[in-house]
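**Student:** Starting off with a structure, shown below.
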Amino acid sequence: MGKTYLEISKKHQEFIQAQQMFFVATAPKGGHLNLSPKGMDSFRILNSNRVLWLNYTGSSNETAAHLLEDQRMTIMFCAFEGDPKILRLYGHSRAIHPRNSDWEKLLSHFPDTAGTRQLVEMEVELVHTSCGFGVPLYSYTGQRDALSNWIEKKGEDGIAQYWEDKNIQSLNGKPTGIFKK
């Protein structure tokens, strides 16, 4: 049932663009693995082997910390509506911060959004599809506005303070690189 590919095809791209959420998995050299759901307008396919996602402010910053130690990442999309399918992208990634020279160029792929913490760029090495027969059906009713409301209420200075308080270290005490040190 499962098939592997060396790049993102047009058919894969159409499937990815139709999904309202995706999941990101990373692992440090030691400590807890991380698996995070992502939504909103935060994913772009740059070419057949390169993707980019916008990492909004969150309660921790595990992905960035893990990528400093091990750049392997898996991104998974599943169909919760329509025909069953799971699509995984495997590759190596890097976190891109506002201080990086390519920040502005890469950020231009997304609408102007407050609370952007990092961008994550992945060089896709393998695409794997599988049946998804066991994935339940759900109906999409919309994106939550809780994060954007929270970001707006905090303001730019409040978000910077939140990063300082909550996003400098991972759950395992590993640095995230959010601020240049």
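Following the order of the structure tokens, first chain is A, next is B, and so on, with residues numbered from 1 inside each chain and ligands from 1 in the order they appear.
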Could you find all residues in region 21-141 of chain A that DSSP calls helix (DSSP H, G or I) from the backbone, and write them as an mmCIF file with N, CA and C atoms, in the first residue's frame?

**Tutor:**
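Ended up saving to selection_30.cif:
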```
data_model
loop_
_atom_site.group_PDB
_atom_site.id
_atom_site.type_symbol
_atom_site.label_atom_id
_atom_site.label_comp_id
_atom_site.auth_asym_id
_atom_site.auth_seq_id
_atom_site.Cartn_x
_atom_site.Cartn_y
_atom_site.Cartn_z
ATOM 1 N N GLU A 62 10.317 23.360 21.083
ATOM 2 C CA GLU A 62 11.018 22.086 20.945
ATOM 3 C C GLU A 62 11.665 21.901 19.574
ATOM 4 N N THR A 63 10.939 22.236 18.520
ATOM 5 C CA THR A 63 11.456 22.011 17.168
ATOM 6 C C THR A 63 12.787 22.721 16.975
ATOM 7 N N ALA A 64 12.856 23.989 17.322
ATOM 8 C CA ALA A 64 14.099 24.752 17.131
ATOM 9 C C ALA A 64 15.240 24.156 17.942
ATOM 10 N N ALA A 65 14.973 23.753 19.180
ATOM 11 C CA ALA A 65 16.015 23.151 20.018
ATOM 12 C C ALA A 65 16.514 21.843 19.407
ATOM 13 N N HIS A 66 15.595 21.009 18.963
ATOM 14 C CA HIS A 66 15.980 19.726 18.382
ATOM 15 C C HIS A 66 16.813 19.910 17.116
ATOM 16 N N LEU A 67 16.435 20.871 16.288
ATOM 17 C CA LEU A 67 17.154 21.071 15.025
ATOM 18 C C LEU A 67 18.592 21.537 15.232
ATOM 19 N N LEU A 68 18.881 22.136 16.372
ATOM 20 C CA LEU A 68 20.265 22.510 16.672
ATOM 21 C C LEU A 68 21.133 21.278 16.910
ATOM 22 N N GLU A 69 20.514 20.174 17.318
ATOM 23 C CA GLU A 69 21.245 18.932 17.588
ATOM 24 C C GLU A 69 21.136 17.903 16.474
ATOM 25 N N TRP A 103 15.929 35.663 6.089
ATOM 26 C CA TRP A 103 14.652 35.783 6.786
ATOM 27 C C TRP A 103 13.605 36.519 5.943
ATOM 28 N N GLU A 104 13.918 37.733 5.516
ATOM 29 C CA GLU A 104 12.926 38.562 4.800
ATOM 30 C C GLU A 104 12.458 37.892 3.512
ATOM 31 N N LYS A 105 13.399 37.342 2.771
ATOM 32 C CA LYS A 105 13.058 36.685 1.500
ATOM 33 C C LYS A 105 12.106 35.514 1.736
ATOM 34 N N LEU A 106 12.424 34.672 2.715
ATOM 35 C CA LEU A 106 11.584 33.502 2.982
ATOM 36 C C LEU A 106 10.261 33.887 3.644
ATOM 37 N N LEU A 107 10.283 34.861 4.521
ATOM 38 C CA LEU A 107 9.059 35.312 5.179
ATOM 39 C C LEU A 107 8.058 35.885 4.169
#
```

**Student:** Using only C-alpha atoms, which protein or nucleic acid residues come within 12 Å of Gly155 (chain A)? Drop anything in the same chain fewer than 6 positions from it, and give the result as an mmCIF file with N, CA and C atoms, in the first residue's frame.

**Tutor:**
```cif
data_model
loop_
_atom_site.group_PDB
_atom_site.id
_atom_site.type_symbol
_atom_site.label_atom_id
_atom_site.label_comp_id
_atom_site.auth_asym_id
_atom_site.auth_seq_id
_atom_site.Cartn_x
_atom_site.Cartn_y
_atom_site.Cartn_z
ATOM 1 N N ALA A 114 1.591 38.576 12.934
ATOM 2 C CA ALA A 114 2.221 38.819 14.232
ATOM 3 C C ALA A 114 2.476 37.485 14.922
ATOM 4 N N GLY A 115 3.492 37.435 15.755
ATOM 5 C CA GLY A 115 3.770 36.241 16.544
ATOM 6 C C GLY A 115 4.631 35.206 15.853
ATOM 7 N N SER A 148 -4.131 33.964 17.495
ATOM 8 C CA SER A 148 -4.000 35.331 16.973
ATOM 9 C C SER A 148 -4.548 36.363 17.971
ATOM 10 N N ASN A 149 -5.621 36.032 18.674
ATOM 11 C CA ASN A 149 -6.148 36.945 19.703
ATOM 12 C C ASN A 149 -5.155 37.103 20.853
ATOM 13 N N GLN A 161 8.878 39.178 25.532
ATOM 14 C CA GLN A 161 9.059 38.761 26.926
ATOM 15 C C GLN A 161 8.656 37.303 27.109
ATOM 16 N N TYR A 162 7.595 36.895 26.442
ATOM 17 C CA TYR A 162 7.150 35.498 26.517
ATOM 18 C C TYR A 162 8.239 34.570 25.982
#
```

**Student:** Using backbone DSSP assignments, extract all strand (DSSP E or B) residues from chain A; output them as number ranges by chain.

**Tutor:** A: 3-5, 22-26, 34-38, 43-47, 50-56, 72-78, 86-96, 116-130, 169, 175

**Student:** Please produce an output containing C-alpha atoms for each residue in the selection, written as an mmCIF file, in the first residue's frame.

**Tutor:**
```cif
data_model
loop_
_atom_site.group_PDB
_atom_site.id
_atom_site.type_symbol
_atom_site.label_atom_id
_atom_site.label_comp_id
_atom_site.auth_asym_id
_atom_site.auth_seq_id
_atom_site.Cartn_x
_atom_site.Cartn_y
_atom_site.Cartn_z
ATOM 1 C CA LYS A 3 4.784 4.123 -1.893
ATOM 2 C CA THR A 4 7.970 6.161 -1.762
ATOM 3 C CA TYR A 5 9.070 9.025 -4.003
ATOM 4 C CA PHE A 22 -0.109 18.937 9.510
ATOM 5 C CA PHE A 23 2.137 17.369 12.131
ATOM 6 C CA VAL A 24 5.857 17.983 12.695
ATOM 7 C CA ALA A 25 8.122 15.454 14.436
ATOM 8 C CA THR A 26 11.699 16.025 15.634
ATOM 9 C CA ASN A 34 8.394 16.041 19.885
ATOM 10 C CA LEU A 35 5.293 15.780 17.722
ATOM 11 C CA SER A 36 3.321 18.986 17.155
ATOM 12 C CA PRO A 37 0.129 19.735 15.227
ATOM 13 C CA LYS A 38 0.261 22.838 13.019
ATOM 14 C CA PHE A 43 2.948 25.838 5.026
ATOM 15 C CA ARG A 44 4.508 26.442 1.614
ATOM 16 C CA ILE A 45 6.023 24.171 -1.017
ATOM 17 C CA LEU A 46 8.936 26.055 -2.575
ATOM 18 C CA ASN A 47 9.871 23.357 -5.082
ATOM 19 C CA ARG A 50 12.004 22.115 -0.485
ATOM 20 C CA VAL A 51 9.235 23.207 1.896
ATOM 21 C CA LEU A 52 8.862 26.016 4.392
ATOM 22 C CA TRP A 53 6.595 26.471 7.371
ATOM 23 C CA LEU A 54 5.943 29.398 9.627
ATOM 24 C CA ASN A 55 6.448 28.587 13.299
ATOM 25 C CA TYR A 56 4.161 30.710 15.435
ATOM 26 C CA ARG A 72 16.073 15.270 10.856
ATOM 27 C CA MET A 73 12.382 16.050 10.629
ATOM 28 C CA THR A 74 9.203 14.330 9.520
ATOM 29 C CA ILE A 75 6.131 16.276 8.429
ATOM 30 C CA MET A 76 2.870 14.354 8.141
ATOM 31 C CA PHE A 77 -0.398 15.236 6.429
ATOM 32 C CA CYS A 78 -3.533 13.066 6.712
ATOM 33 C CA ILE A 86 -1.371 9.807 4.681
ATOM 34 C CA LEU A 87 1.607 11.650 3.216
ATOM 35 C CA ARG A 88 4.910 12.064 5.037
ATOM 36 C CA LEU A 89 7.853 14.255 4.088
ATOM 37 C CA TYR A 90 11.239 13.160 5.439
ATOM 38 C CA GLY A 91 14.282 15.360 5.351
ATOM 39 C CA HIS A 92 16.693 17.688 7.070
ATOM 40 C CA SER A 93 15.608 21.088 8.344
ATOM 41 C CA ARG A 94 16.865 24.294 9.836
ATOM 42 C CA ALA A 95 15.255 27.021 11.910
ATOM 43 C CA ILE A 96 15.501 30.496 10.423
ATOM 44 C CA THR A 116 6.028 34.598 13.977
ATOM 45 C CA ARG A 117 8.798 32.974 15.996
ATOM 46 C CA GLN A 118 10.815 31.169 13.323
ATOM 47 C CA LEU A 119 10.583 29.784 9.855
ATOM 48 C CA VAL A 120 11.550 26.163 9.336
ATOM 49 C CA GLU A 121 12.936 25.104 5.979
ATOM 50 C CA MET A 122 13.147 21.436 5.035
ATOM 51 C CA GLU A 123 15.122 19.819 2.256
ATOM 52 C CA VAL A 124 12.856 16.891 1.406
ATOM 53 C CA GLU A 125 14.721 13.639 0.822
ATOM 54 C CA LEU A 126 11.804 11.224 0.722
ATOM 55 C CA VAL A 127 8.035 11.386 0.256
ATOM 56 C CA HIS A 128 6.013 8.442 1.554
ATOM 57 C CA THR A 129 2.312 7.880 1.009
ATOM 58 C CA SER A 130 0.159 5.268 2.688
ATOM 59 C CA GLN A 169 15.066 26.277 26.456
ATOM 60 C CA PRO A 175 18.889 25.839 23.992
#
```

**Student:** I need the residue nearest Leu33 (chain A) from this list: A:Gln19, A:Pro136, A:Gly158, A:Asp70. Use only C-alpha atoms for the distance.

**Tutor:** A:Asp70

**Student:** Name the closest residue to Pro28 (chain A) among the candidates A:Gln71, A:Cys131, A:Ser59, A:Thr141; distances are taken between atoms, counting only C-alpha atoms.

**Tutor:**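 Among the listed residues, A:Gln71 lies closest to Pro28 (chain A).
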
**Student:** For Phe133 (chain A), work out the shell of residues within 9 Å, counting only C-alpha atoms and skipping chain neighbours fewer than 4 positions away, then give it as a PyMOL selection string.

**Tutor:** chain A and resi 83-86

**Student:** Which is closer to Asn100 (chain A) than all the others in A:Phe179, A:Asn49, A:Ser139, A:Trp150, using only C-alpha atoms?

**Tutor:**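 Smallest distance to Asn100 (chain A) is found for A:Phe179.
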
**Student:** To one decimal place in Å, what is the distance between CA of Ala18 (chain A) and CA of Tyr138 (chain A)?

**Tutor:**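 Taking CA of Ala18 (chain A) and CA of Tyr138 (chain A), their separation equals 14.0 Å.
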